[in-house]
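With mmCIF, C-alpha atoms inside, this is final39.cif:
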data_final
loop_
_atom_site.label_atom_id
_atom_site.label_comp_id
_atom_site.auth_asym_id
_atom_site.auth_seq_id
_atom_site.Cartn_x
_atom_site.Cartn_y
_atom_site.Cartn_z
CA MET A 96 -50.14 168.52 -33.48
CA THR A 97 -51.46 164.97 -32.99
CA ASP A 98 -49.36 162.21 -34.56
CA ILE A 99 -51.81 159.95 -36.39
CA ARG A 100 -49.74 156.84 -35.87
CA ARG A 101 -49.41 157.42 -32.13
CA GLN A 102 -53.10 158.30 -31.87
CA LEU A 103 -54.13 155.02 -33.49
CA ASP A 104 -51.64 153.04 -31.41
CA GLU A 105 -52.67 154.52 -28.06
CA ALA A 106 -56.42 155.21 -28.44
CA SER A 107 -59.18 152.69 -27.90
CA MET A 108 -60.33 151.08 -31.14
CA GLY A 109 -63.43 152.55 -32.78
CA ARG A 110 -66.40 150.63 -34.14
CA LEU A 111 -65.09 150.67 -37.72
CA GLN A 112 -61.77 149.20 -36.60
CA ILE A 113 -63.50 146.47 -34.62
CA ALA A 114 -65.90 145.75 -37.50
CA GLY A 115 -62.97 145.53 -39.93
CA ILE A 116 -61.12 143.10 -37.67
CA ILE A 117 -64.22 140.94 -37.23
CA LEU A 118 -64.71 140.88 -41.00
CA CYS A 119 -61.10 139.78 -41.48
CA VAL A 120 -61.70 136.98 -38.94
CA LEU A 121 -64.69 135.85 -41.04
CA LEU A 122 -62.68 136.12 -44.27
CA ASN A 123 -60.00 133.92 -42.73
CA ALA A 124 -62.75 131.47 -41.69
CA LEU A 125 -63.83 131.47 -45.33
CA ASP A 126 -60.24 130.66 -46.30
CA GLY A 127 -60.32 127.78 -43.81
CA PHE A 128 -63.31 126.22 -45.53
CA ASP A 129 -62.09 126.93 -49.08
CA VAL A 130 -58.71 125.29 -48.46
CA LEU A 131 -60.19 122.21 -46.79
CA ALA A 132 -63.05 121.78 -49.27
CA ILE A 133 -60.82 119.52 -51.35
CA SER A 134 -60.00 117.44 -48.24
CA PHE A 135 -63.68 116.86 -47.48
CA ALA A 136 -64.27 116.03 -51.14
CA SER A 137 -61.19 113.82 -51.62
CA PRO A 138 -62.74 110.41 -50.81
CA GLY A 139 -65.57 111.05 -53.32
CA ILE A 140 -63.11 112.28 -55.96
CA ALA A 141 -60.89 109.22 -55.53
CA ALA A 142 -63.89 106.89 -55.78
CA GLU A 143 -65.45 108.61 -58.84
CA TRP A 144 -62.26 108.90 -60.89
CA GLY A 145 -60.41 105.83 -59.59
CA ILE A 146 -57.16 107.63 -58.70
CA ASP A 147 -54.48 106.33 -56.32
CA ARG A 148 -52.99 108.05 -53.27
CA ALA A 149 -50.03 109.56 -55.12
CA ALA A 150 -52.30 111.23 -57.71
CA LEU A 151 -54.68 112.36 -54.96
CA GLY A 152 -51.75 113.91 -53.08
CA LEU A 153 -50.99 116.07 -56.13
CA VAL A 154 -54.63 117.19 -56.40
CA LEU A 155 -54.70 118.00 -52.67
CA SER A 156 -51.65 120.22 -53.10
CA MET A 157 -52.65 122.27 -56.15
CA GLU A 158 -54.44 125.10 -54.33
CA LEU A 159 -51.52 125.19 -51.87
CA ILE A 160 -49.17 125.88 -54.79
CA GLY A 161 -51.58 128.58 -55.96
CA MET A 162 -51.62 130.00 -52.43
CA ALA A 163 -47.84 130.20 -52.46
CA VAL A 164 -47.80 132.23 -55.67
CA GLY A 165 -50.80 134.33 -54.64
CA SER A 166 -49.33 135.18 -51.23
CA VAL A 167 -46.05 136.42 -52.71
CA LEU A 168 -47.43 138.32 -55.72
CA LEU A 169 -50.65 139.69 -54.23
CA GLY A 170 -49.06 140.46 -50.85
CA ASN A 171 -46.55 142.68 -52.64
CA LEU A 172 -49.36 144.15 -54.76
CA ALA A 173 -51.27 145.07 -51.58
CA ASP A 174 -48.26 147.14 -50.43
CA ARG A 175 -48.53 149.06 -53.71
CA ILE A 176 -52.26 149.51 -54.40
CA GLY A 177 -53.80 148.95 -50.96
CA ARG A 178 -55.17 146.17 -48.77
CA ARG A 179 -58.87 146.79 -49.51
CA PRO A 180 -58.87 146.48 -53.35
CA THR A 181 -56.61 143.43 -53.17
CA ILE A 182 -58.92 141.68 -50.69
CA LEU A 183 -61.96 142.41 -52.88
CA GLY A 184 -60.18 141.02 -55.93
CA CYS A 185 -59.21 137.87 -54.02
CA LEU A 186 -62.86 137.31 -53.05
CA VAL A 187 -63.87 137.39 -56.72
CA VAL A 188 -61.18 134.84 -57.66
CA MET A 189 -62.19 132.53 -54.80
CA ALA A 190 -65.92 132.65 -55.61
CA VAL A 191 -65.36 131.94 -59.31
CA GLY A 192 -62.81 129.21 -58.59
CA MET A 193 -65.05 127.35 -56.14
CA GLY A 194 -67.91 127.49 -58.64
CA ALA A 195 -65.70 126.24 -61.47
CA ALA A 196 -64.65 123.20 -59.41
CA THR A 197 -68.21 121.84 -59.70
CA GLN A 198 -67.69 121.56 -63.47
CA SER A 199 -64.40 119.61 -63.32
CA TRP A 200 -64.37 116.33 -65.19
CA ASN A 201 -60.91 114.85 -64.46
CA VAL A 202 -57.77 115.30 -62.34
CA LEU A 203 -56.20 117.82 -64.70
CA SER A 204 -59.20 120.14 -64.90
CA LEU A 205 -59.74 120.08 -61.13
CA SER A 206 -56.03 120.70 -60.51
CA VAL A 207 -56.05 123.80 -62.74
CA VAL A 208 -59.17 125.17 -61.06
CA ARG A 209 -57.75 124.61 -57.57
CA LEU A 210 -54.48 126.23 -58.60
CA VAL A 211 -56.30 129.41 -59.65
CA THR A 212 -58.51 129.36 -56.54
CA GLY A 213 -55.36 129.13 -54.44
CA LEU A 214 -54.12 132.42 -55.89
CA GLY A 215 -57.06 134.22 -54.30
CA ILE A 216 -56.79 132.34 -51.00
CA GLY A 217 -53.07 133.08 -50.70
CA GLY A 218 -53.53 136.77 -51.44
CA MET A 219 -56.35 136.95 -48.91
CA LEU A 220 -54.18 135.46 -46.15
CA ALA A 221 -51.38 137.98 -46.75
CA CYS A 222 -53.74 140.96 -46.91
CA THR A 223 -55.94 140.16 -43.91
CA ASN A 224 -52.89 139.60 -41.71
CA ALA A 225 -51.54 143.05 -42.60
CA MET A 226 -54.97 144.69 -42.41
CA VAL A 227 -55.70 143.44 -38.90
CA ALA A 228 -52.26 144.49 -37.64
CA GLU A 229 -52.87 148.00 -39.00
CA LEU A 230 -56.47 148.32 -37.76
CA ALA A 231 -55.64 147.27 -34.19
CA ASN A 232 -54.05 149.52 -31.60
CA ALA A 233 -50.61 148.70 -30.17
CA ARG A 234 -51.90 146.91 -27.06
CA ALA A 235 -54.29 144.62 -28.91
CA ARG A 236 -52.22 144.01 -32.07
CA SER A 237 -50.82 140.56 -31.30
CA LEU A 238 -54.13 139.43 -29.82
CA ALA A 239 -56.11 140.73 -32.82
CA VAL A 240 -53.83 138.99 -35.33
CA ALA A 241 -53.97 135.75 -33.35
CA ILE A 242 -57.78 135.90 -33.20
CA MET A 243 -57.88 136.60 -36.95
CA ALA A 244 -55.78 133.50 -37.57
CA ALA A 245 -58.13 131.54 -35.26
CA GLY A 246 -60.88 132.18 -37.80
CA TYR A 247 -59.28 129.53 -40.02
CA PRO A 248 -60.29 126.52 -37.90
CA VAL A 249 -63.71 128.10 -37.25
CA GLY A 250 -64.36 128.03 -41.00
CA ALA A 251 -63.10 124.47 -41.19
CA ILE A 252 -65.33 123.37 -38.30
CA LEU A 253 -68.52 125.01 -39.57
CA GLY A 254 -67.76 124.18 -43.19
CA GLY A 255 -66.80 120.64 -42.28
CA SER A 256 -70.06 120.10 -40.45
CA VAL A 257 -71.96 121.32 -43.51
CA ALA A 258 -69.75 119.27 -45.83
CA SER A 259 -70.42 116.08 -43.87
CA GLN A 260 -74.17 116.63 -44.30
CA LEU A 261 -73.74 117.42 -48.00
CA LEU A 262 -71.83 114.17 -48.47
CA VAL A 263 -74.67 112.22 -46.87
CA ALA A 264 -77.34 113.83 -49.06
CA GLY A 265 -75.37 114.53 -52.24
CA GLY A 266 -71.91 114.40 -53.83
CA TRP A 267 -68.52 116.07 -53.52
CA ARG A 268 -69.40 118.80 -56.03
CA ASP A 269 -72.03 120.14 -53.63
CA ILE A 270 -69.23 121.13 -51.24
CA PHE A 271 -67.67 123.45 -53.83
CA LEU A 272 -71.05 124.89 -54.82
CA PHE A 273 -71.74 125.76 -51.18
CA GLY A 274 -68.31 127.39 -50.85
CA SER A 275 -68.82 129.45 -53.99
CA LEU A 276 -72.17 130.82 -52.83
CA VAL A 277 -70.92 131.75 -49.35
CA THR A 278 -67.80 133.41 -50.78
CA ALA A 279 -69.90 135.48 -53.17
CA LEU A 280 -72.07 136.68 -50.27
CA PHE A 281 -69.02 138.23 -48.61
CA LEU A 282 -68.38 140.60 -51.53
CA PRO A 283 -71.10 143.17 -50.73
CA VAL A 284 -70.32 142.89 -47.01
CA ALA A 285 -66.64 143.67 -47.61
CA LEU A 286 -67.55 146.57 -49.91
CA MET A 287 -69.60 148.16 -47.11
CA LEU A 288 -67.55 147.40 -43.99
CA LEU A 289 -63.89 147.01 -44.93
CA PRO A 290 -61.89 150.28 -44.72
CA GLU A 291 -58.51 150.91 -46.26
CA SER A 292 -55.60 150.78 -43.84
CA ILE A 293 -54.61 154.23 -42.54
CA GLY A 294 -51.10 152.90 -42.11
CA PHE A 295 -51.00 152.12 -45.83
CA LEU A 296 -52.32 155.59 -46.75
CA LEU A 297 -49.70 157.27 -44.53
CA GLN A 298 -46.97 155.24 -46.19
CA LYS A 299 -48.20 155.49 -49.80
CA ARG A 300 -49.36 159.17 -49.63
CA PRO A 301 -51.86 159.38 -52.53
CA THR A 302 -52.83 162.94 -53.58
CA ASP A 303 -55.97 162.94 -51.41
CA ALA A 304 -54.37 161.09 -48.49
CA LEU A 305 -55.30 163.63 -45.77
CA ALA A 306 -58.95 163.81 -46.85
CA ARG A 307 -59.24 160.01 -47.03
CA ILE A 308 -57.55 159.56 -43.65
CA ASN A 309 -59.82 162.14 -42.01
CA ARG A 310 -62.92 160.42 -43.40
CA LEU A 311 -61.68 157.16 -41.90
CA LEU A 312 -60.82 158.84 -38.58
CA ASP A 313 -64.37 160.25 -38.49
CA ARG A 314 -65.85 156.81 -39.03
CA MET A 315 -63.54 155.34 -36.38
CA GLY A 316 -64.52 158.00 -33.84
CA HIS A 317 -61.04 159.58 -33.60
CA ALA A 318 -60.02 163.24 -33.82
CA ARG A 319 -59.29 164.60 -37.29
CA ALA A 320 -55.72 165.35 -38.36
CA GLU A 321 -54.73 168.84 -39.48
CA THR A 322 -51.68 167.71 -41.41
CA LEU A 323 -49.95 164.49 -42.31
CA PRO A 324 -46.92 163.46 -40.24
CA PRO A 325 -43.49 163.67 -41.91
CA VAL A 326 -42.67 160.89 -44.34
CA ASP A 327 -40.62 158.14 -42.75
CA HIS A 328 -37.68 158.11 -45.15
CA ALA A 329 -36.05 155.29 -43.20
CA ALA A 330 -38.95 152.93 -43.95
CA PRO A 331 -38.14 150.34 -46.61
CA LYS A 332 -39.82 150.80 -49.98
CA PRO A 333 -42.38 148.17 -50.99
CA SER A 334 -40.33 145.63 -52.93
CA PHE A 335 -39.04 142.09 -52.73
CA ALA A 336 -35.46 143.38 -52.45
CA ALA A 337 -36.27 145.35 -49.27
CA LEU A 338 -37.26 142.15 -47.49
CA PHE A 339 -33.78 140.71 -48.04
CA ALA A 340 -31.83 143.90 -47.32
CA PRO A 341 -29.67 144.22 -44.18
CA GLY A 342 -31.88 144.54 -41.14
CA LEU A 343 -34.74 142.44 -42.50
CA ALA A 344 -33.05 139.56 -44.34
CA ARG A 345 -32.45 137.40 -41.24
CA THR A 346 -36.04 137.89 -40.07
CA THR A 347 -37.49 137.13 -43.51
CA ILE A 348 -35.41 133.98 -44.01
CA LEU A 349 -35.90 132.49 -40.54
CA LEU A 350 -39.65 133.13 -40.43
CA THR A 351 -40.07 131.74 -43.95
CA LEU A 352 -38.13 128.56 -43.24
CA ALA A 353 -39.82 128.02 -39.86
CA TYR A 354 -43.24 128.45 -41.45
CA PHE A 355 -42.24 126.17 -44.35
CA CYS A 356 -41.21 123.34 -42.05
CA HIS A 357 -44.11 123.55 -39.61
CA ILE A 358 -46.77 123.95 -42.29
CA MET A 359 -45.68 120.61 -43.80
CA THR A 360 -46.76 118.97 -40.56
CA PHE A 361 -49.92 121.07 -40.30
CA TYR A 362 -51.17 120.17 -43.78
CA PHE A 363 -50.28 116.52 -43.46
CA ILE A 364 -52.87 116.34 -40.70
CA LEU A 365 -55.48 118.48 -42.46
CA LYS A 366 -55.18 116.97 -45.93
CA TRP A 367 -54.81 113.27 -45.19
CA ILE A 368 -57.17 112.62 -42.27
CA PRO A 369 -60.28 111.95 -44.42
CA LYS A 370 -58.51 109.50 -46.73
CA ILE A 371 -56.72 107.72 -43.85
CA VAL A 372 -59.99 107.27 -41.94
CA VAL A 373 -61.88 106.03 -45.03
CA ASP A 374 -59.08 103.52 -45.71
CA MET A 375 -59.63 102.20 -42.18
CA GLY A 376 -63.15 101.21 -43.26
CA TYR A 377 -65.21 104.19 -42.10
CA ALA A 378 -67.72 106.15 -44.21
CA PRO A 379 -66.67 109.46 -45.85
CA SER A 380 -69.10 111.36 -43.60
CA ALA A 381 -67.42 109.83 -40.52
CA ALA A 382 -64.02 110.79 -41.93
CA GLY A 383 -65.24 114.37 -42.29
CA GLY A 384 -66.27 114.23 -38.65
CA VAL A 385 -62.72 113.29 -37.56
CA LEU A 386 -61.37 116.23 -39.57
CA VAL A 387 -63.88 118.50 -37.85
CA TRP A 388 -62.54 117.35 -34.47
CA ALA A 389 -58.99 118.12 -35.63
CA ASN A 390 -60.17 121.65 -36.34
CA VAL A 391 -62.06 121.88 -33.04
CA GLY A 392 -58.73 121.14 -31.38
CA GLY A 393 -57.13 123.72 -33.67
CA LEU A 394 -59.67 126.33 -32.63
CA LEU A 395 -59.10 125.64 -28.92
CA GLY A 396 -55.34 125.82 -29.39
CA SER A 397 -55.53 129.06 -31.30
CA LEU A 398 -57.86 130.64 -28.72
CA LEU A 399 -55.58 129.60 -25.87
CA LEU A 400 -52.51 131.01 -27.60
CA SER A 401 -54.44 134.21 -28.42
CA ALA A 402 -55.33 134.67 -24.74
CA LEU A 403 -51.81 133.92 -23.54
CA SER A 404 -50.30 136.32 -26.11
CA TRP A 405 -51.98 139.17 -24.19
CA ARG A 406 -49.48 138.54 -21.35
CA LEU A 407 -46.64 136.36 -22.67
CA PRO A 408 -44.11 136.71 -25.53
CA VAL A 409 -45.51 135.15 -28.68
CA ARG A 410 -42.28 133.49 -29.79
CA GLY A 411 -42.02 131.38 -26.62
CA LEU A 412 -45.64 130.28 -26.99
CA VAL A 413 -45.02 129.21 -30.59
CA LEU A 414 -41.94 127.20 -29.61
CA VAL A 415 -43.95 125.26 -27.02
CA ALA A 416 -46.76 124.65 -29.53
CA MET A 417 -44.31 123.36 -32.18
CA ILE A 418 -42.76 120.88 -29.76
CA GLY A 419 -46.25 119.72 -28.80
CA SER A 420 -47.09 119.38 -32.49
CA THR A 421 -44.07 117.11 -33.04
CA ILE A 422 -45.21 114.83 -30.23
CA MET A 423 -48.93 114.69 -31.06
CA VAL A 424 -48.58 114.12 -34.81
CA THR A 425 -46.24 111.22 -34.02
CA VAL A 426 -48.85 109.84 -31.60
CA PHE A 427 -51.52 110.23 -34.31
CA GLY A 428 -49.58 107.74 -36.43
CA GLN A 429 -49.80 105.02 -33.79
CA THR A 430 -52.86 103.21 -35.08
CA GLN A 431 -56.06 103.98 -33.17
CA THR A 432 -58.64 101.20 -32.91
CA THR A 433 -61.81 103.30 -32.60
CA LEU A 434 -63.33 106.35 -34.27
CA ALA A 435 -63.44 108.07 -30.88
CA GLY A 436 -59.72 107.45 -30.40
CA LEU A 437 -58.96 108.82 -33.85
CA SER A 438 -61.05 111.92 -33.15
CA PHE A 439 -59.36 112.57 -29.80
CA VAL A 440 -55.80 112.24 -31.12
CA ALA A 441 -56.64 114.27 -34.24
CA GLY A 442 -58.07 116.98 -31.97
CA ALA A 443 -54.91 117.02 -29.84
CA GLY A 444 -52.76 117.22 -32.97
CA GLY A 445 -54.89 120.05 -34.33
CA PHE A 446 -54.61 121.87 -30.96
CA CYS A 447 -50.82 122.04 -31.16
CA THR A 448 -50.33 122.49 -34.90
CA ASN A 449 -52.86 125.30 -35.29
CA ALA A 450 -51.75 127.11 -32.13
CA ALA A 451 -48.28 127.33 -33.66
CA VAL A 452 -49.65 128.62 -36.98
CA VAL A 453 -51.68 131.32 -35.18
CA GLY A 454 -48.62 132.39 -33.23
CA LEU A 455 -46.54 132.53 -36.40
CA TYR A 456 -49.03 134.95 -37.97
CA ALA A 457 -48.73 137.22 -34.93
CA LEU A 458 -44.93 137.00 -35.09
CA VAL A 459 -44.95 137.94 -38.77
CA ALA A 460 -47.15 140.97 -38.11
CA GLN A 461 -44.76 142.09 -35.36
CA SER A 462 -41.63 141.52 -37.38
CA PHE A 463 -42.23 143.67 -40.48
CA PRO A 464 -42.79 147.46 -40.67
CA THR A 465 -45.98 148.83 -42.27
CA SER A 466 -44.39 149.66 -45.63
CA VAL A 467 -43.53 146.01 -46.34
CA ARG A 468 -45.90 144.20 -43.94
CA ALA A 469 -48.18 142.67 -46.59
CA GLY A 470 -45.22 141.85 -48.82
CA GLY A 471 -43.28 140.33 -45.93
CA THR A 472 -46.32 138.35 -44.86
CA GLY A 473 -46.75 137.25 -48.48
CA ILE A 474 -43.15 136.03 -48.73
CA VAL A 475 -43.35 134.09 -45.46
CA ILE A 476 -46.73 132.56 -46.28
CA GLY A 477 -46.05 132.20 -50.00
CA VAL A 478 -42.66 130.53 -49.91
CA GLY A 479 -43.70 128.76 -46.74
CA ARG A 480 -46.70 127.35 -48.58
CA GLY A 481 -44.20 125.30 -50.53
CA GLY A 482 -44.10 123.25 -47.34
CA ALA A 483 -47.89 123.08 -47.39
CA ALA A 484 -47.77 121.76 -50.93
CA LEU A 485 -44.86 119.42 -50.22
CA GLY A 486 -46.45 117.90 -47.11
CA PRO A 487 -49.38 116.09 -48.77
CA ILE A 488 -47.25 115.13 -51.79
CA LEU A 489 -44.46 113.68 -49.64
CA ALA A 490 -46.95 111.78 -47.49
CA GLY A 491 -48.67 110.47 -50.62
CA PHE A 492 -45.43 109.10 -52.06
CA LEU A 493 -44.45 107.55 -48.72
CA PHE A 494 -47.83 105.80 -48.60
CA ALA A 495 -47.41 104.73 -52.25
CA MET A 496 -44.07 103.14 -51.31
CA ASP A 497 -46.00 100.99 -48.79
CA TYR A 498 -44.67 102.69 -45.66
CA GLY A 499 -47.15 102.42 -42.81
CA LEU A 500 -48.94 105.28 -41.08
CA PRO A 501 -46.69 105.20 -37.96
CA LEU A 502 -43.52 105.89 -39.97
CA VAL A 503 -45.18 108.42 -42.30
CA ALA A 504 -46.60 110.36 -39.34
CA PHE A 505 -43.22 110.39 -37.58
CA VAL A 506 -41.44 111.72 -40.67
CA MET A 507 -44.07 114.42 -41.19
CA ALA A 508 -43.96 115.42 -37.50
CA LEU A 509 -40.29 116.35 -37.85
CA GLY A 510 -41.32 119.48 -39.77
CA SER A 511 -42.60 121.07 -36.56
CA LEU A 512 -39.38 120.22 -34.74
CA ALA A 513 -37.28 121.81 -37.49
CA GLY A 514 -39.52 124.91 -37.36
CA ALA A 515 -38.95 125.24 -33.62
CA LEU A 516 -35.17 125.08 -34.04
CA LEU A 517 -35.26 127.81 -36.70
CA LEU A 518 -37.56 130.02 -34.64
CA ALA A 519 -35.22 129.76 -31.67
CA MET A 520 -32.66 131.70 -33.75
CA LEU A 521 -35.05 134.62 -34.46
CA ARG A 522 -34.18 137.97 -32.89
CA PRO A 523 -37.33 139.83 -31.79
CA ARG A 524 -37.80 143.18 -33.56
CA THR A 525 -37.82 146.27 -31.36
CA ALA A 526 -40.35 149.03 -31.98
#
Turn this file's structure into structure tokens for me.
Amino acid sequence: MTDIRRQLDEASMGRLQIAGIILCVLLNALDGFDVLAISFASPGIAAEWGIDRAALGLVLSMELIGMAVGSVLLGNLADRIGRRPTILGCLVVMAVGMGAATQSWNVLSLSVVRLVTGLGIGGMLACTNAMVAELANARARSLAVAIMAAGYPVGAILGGSVASQLLVAGGWRDIFLFGSLVTALFLPVALMLLPESIGFLLQKRPTDALARINRLLDRMGHARAETLPPVDHAAPKPSFAALFAPGLARTTILLTLAYFCHIMTFYFILKWIPKIVVDMGYAPSAAGGVLVWANVGGLLGSLLLSALSWRLPVRGLVLVAMIGSTIMVTVFGQTQTTLAGLSFVAGAGGFCTNAAVVGLYALVAQSFPTSVRAGGTGIVIGVGRGGAALGPILAGFLFAMDYGLPLVAFVMALGSLAGALLLAMLRPRTA
């Protein structure tokens, strides 16, 4: 009798698996644009409503708070009802939220809308990470998850290029309208191409599990199963408590804290670049261009780490990237005199910060078993997103207290260093 799990781990991936992984890469690219839409729009928002840096920092963080809640709650929900329906629901929330942002009239209304939009984005991140890990075979798993995470800067680059043109021809609301339309277009595509995870079906065992699994195996080009393998009674049940039980608690806590610390540094760069560049006297469209270069660097860093993860342990690669992030974000704070200099240093900072984020996603996928993978990913991303929310707020208050960019950048760079120290204490999970 063929063991379905072993078959999927050892066989070459079928077209449906590859299509599902590619779709998850594109969905993560969509997340990249949706999250950074507020960054591209921030100079126009500040000018229209006359808000200071501290208030803008709060607005910039609202969808990150929503992402934290969405990752935790919807990641756990995906372990209960499935990855596919949760992803489809997140797409609906994101499309509606981006559209609603165009109707905002003050800081409060925009903050509420971005908070709700963040729920969908956070849930999407948790679900796509688990989905890719379960669609890929054993050999390609870390590479597939790293490539999926690399979709984030792709979305930021392409979306940022479009946003810069929209800012030249129109206003900041056009950015959200564009995001809403593109997000809505992904709904029918996901309905057609995105399968449910066989790993989830094996763990959950709905009444028609064998029939559903065999239909998926047919579409993937694999041999049908005659019976389901025995239930893995040792697998933790989908719950928050299981993630903090003996055997998983250390992993959950260290990954969450490492992600929390590093993501503060990551989002300081992504959220504040446009405003910093505009305050130096450059046009909003030029500021968007610097942010695009930061994401070009992020894409290159994520692709390099993805390629290296095929041969080298992911944790070591992430440690190197985090140390590089500490150095380059500090260098970013040393005032650059030209737009080209700003773009180069922002690109180098993006290279290191995003490479570490991509590696962290691969580590998370490795570290949790199937039964709690989406929930574990949700906890790490969700609680860790507190760092994403805290980063722009902390930087905003430091700027409001009249501290200069060199000191603010140095303080924010320490998040990556703290993340590296925490990650050094992580014990790799054995299969």
Compile the contact shell of Val409 (chain A) as a list in words: residues with an atom at most 10 Å away, counting all atoms listed in the file, same-chain residues fewer than 4 positions apart removed.
-> Ser237, Leu238, Ala241, Leu400, Ser401, Leu403, Ser404, Trp405, Val413, Leu414, Ala451, Val453, Gly454, Leu455, Tyr456, Ala457, Leu458, Gln461 and Pro523 of chain A
Set the distance at 7 Å and use only C-alpha atoms: which residues neighbour Ile216 (chain A) once local chain neighbours fewer than 2 positions away are removed? I'd like the list as a PDB file with C-alpha atoms, keeping the file's coordinate frame.
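Result file is around_1.pdb:
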ATOM      1  CA  ASP A 126     -60.240 130.660 -46.300  1.00  0.00           C
ATOM      2  CA  MET A 162     -51.620 130.000 -52.430  1.00  0.00           C
ATOM      3  CA  CYS A 185     -59.210 137.870 -54.020  1.00  0.00           C
ATOM      4  CA  MET A 189     -62.190 132.530 -54.800  1.00  0.00           C
ATOM      5  CA  THR A 212     -58.510 129.360 -56.540  1.00  0.00           C
ATOM      6  CA  GLY A 213     -55.360 129.130 -54.440  1.00  0.00           C
ATOM      7  CA  LEU A 214     -54.120 132.420 -55.890  1.00  0.00           C
ATOM      8  CA  GLY A 218     -53.530 136.770 -51.440  1.00  0.00           C
ATOM      9  CA  MET A 219     -56.350 136.950 -48.910  1.00  0.00           C
ATOM     10  CA  LEU A 220     -54.180 135.460 -46.150  1.00  0.00           C
TER      11      LEU A 220
END
Mind giving me the straight-line distance from CA of Leu172 (chain A) to CA of Val478 (chain A) in Å, one decimal?
->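 Pair CA of Leu172 (chain A) / CA of Val478 (chain A) returns 15.9 Å.
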Hey, what's within 7 Å of region 352-354 of chain A if we count only C-alpha atoms and toss same-chain stuff fewer than 3 positions away? As a ChimeraX atom specification, please?
-> /A:348-349,357-358,475,479,514-515,517-518
Excluding Val187 (chain A) and residues on its chain fewer than 3 positions from it, collect all residues at most 10 Å away from it, counting all atoms listed in the file, and give them as a ChimeraX atom specification.
-> /A:182-184,190-192,212,215,275,278-279,281-282
Got time to write the residues from that selection, C-alpha atoms, as a PDB file, in the coordinates of the input?
ATOM      1  CA  ILE A 182     -58.920 141.680 -50.690  1.00  0.00           C
ATOM      2  CA  LEU A 183     -61.960 142.410 -52.880  1.00  0.00           C
ATOM      3  CA  GLY A 184     -60.180 141.020 -55.930  1.00  0.00           C
ATOM      4  CA  ALA A 190     -65.920 132.650 -55.610  1.00  0.00           C
ATOM      5  CA  VAL A 191     -65.360 131.940 -59.310  1.00  0.00           C
ATOM      6  CA  GLY A 192     -62.810 129.210 -58.590  1.00  0.00           C
ATOM      7  CA  THR A 212     -58.510 129.360 -56.540  1.00  0.00           C
ATOM      8  CA  GLY A 215     -57.060 134.220 -54.300  1.00  0.00           C
ATOM      9  CA  SER A 275     -68.820 129.450 -53.990  1.00  0.00           C
ATOM     10  CA  THR A 278     -67.800 133.410 -50.780  1.00  0.00           C
ATOM     11  CA  ALA A 279     -69.900 135.480 -53.170  1.00  0.00           C
ATOM     12  CA  PHE A 281     -69.020 138.230 -48.610  1.00  0.00           C
ATOM     13  CA  LEU A 282     -68.380 140.600 -51.530  1.00  0.00           C
TER      14      LEU A 282
END
Would you please work out which residue, of A:Met423, A:Ala490, A:Ala163, A:Leu500, is nearest to Thr472 (chain A) when using all atoms listed in the file?
-> A:Ala163
Which residues fall under the PyMOL selection byres ((chain A and resi 494) around 12) in this file, as JSON, numbers by chain?
-> {"A": [147, 148, 149, 150, 151, 152, 367, 370, 371, 374, 487, 488, 489, 490, 491, 492, 493, 495, 496, 497, 498, 499, 500, 501, 502, 503, 504, 506, 507]}
List the residues matched by the PyMOL selection byres ((chain A and resi 318) around 10) in the displayed structure as JSON, numbers by chain, ordered by chain and then by residue number.
-> {"A": [97, 99, 102, 309, 312, 313, 315, 316, 317, 319, 320, 321]}
Just say which residues the PyMOL selection byres ((chain A and resi 227-230) around 8) picks in this file, as a PyMOL selection string.
-> chain A and resi 112-113+115-116+119+223-226+231-232+236-237+239-240+243+292-294+460+465
Store the residues of this selection in a file with C-alpha atoms, as a PDB file, in the coordinates of the input.
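Saved file again19.pdb follows:
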ATOM      1  CA  GLN A 112     -61.770 149.200 -36.600  1.00  0.00           C
ATOM      2  CA  ILE A 113     -63.500 146.470 -34.620  1.00  0.00           C
ATOM      3  CA  GLY A 115     -62.970 145.530 -39.930  1.00  0.00           C
ATOM      4  CA  ILE A 116     -61.120 143.100 -37.670  1.00  0.00           C
ATOM      5  CA  CYS A 119     -61.100 139.780 -41.480  1.00  0.00           C
ATOM      6  CA  THR A 223     -55.940 140.160 -43.910  1.00  0.00           C
ATOM      7  CA  ASN A 224     -52.890 139.600 -41.710  1.00  0.00           C
ATOM      8  CA  ALA A 225     -51.540 143.050 -42.600  1.00  0.00           C
ATOM      9  CA  MET A 226     -54.970 144.690 -42.410  1.00  0.00           C
ATOM     10  CA  ALA A 231     -55.640 147.270 -34.190  1.00  0.00           C
ATOM     11  CA  ASN A 232     -54.050 149.520 -31.600  1.00  0.00           C
ATOM     12  CA  ARG A 236     -52.220 144.010 -32.070  1.00  0.00           C
ATOM     13  CA  SER A 237     -50.820 140.560 -31.300  1.00  0.00           C
ATOM     14  CA  ALA A 239     -56.110 140.730 -32.820  1.00  0.00           C
ATOM     15  CA  VAL A 240     -53.830 138.990 -35.330  1.00  0.00           C
ATOM     16  CA  MET A 243     -57.880 136.600 -36.950  1.00  0.00           C
ATOM     17  CA  SER A 292     -55.600 150.780 -43.840  1.00  0.00           C
ATOM     18  CA  ILE A 293     -54.610 154.230 -42.540  1.00  0.00           C
ATOM     19  CA  GLY A 294     -51.100 152.900 -42.110  1.00  0.00           C
ATOM     20  CA  ALA A 460     -47.150 140.970 -38.110  1.00  0.00           C
ATOM     21  CA  THR A 465     -45.980 148.830 -42.270  1.00  0.00           C
TER      22      THR A 465
END
Which of these, A:Val373, A:Ala132, A:Ala233, A:Leu399, has the shortest distance to Ser107 (chain A) once you count all atoms listed in the file?
->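 Of all the options, A:Ala233 lies closest to Ser107 (chain A).
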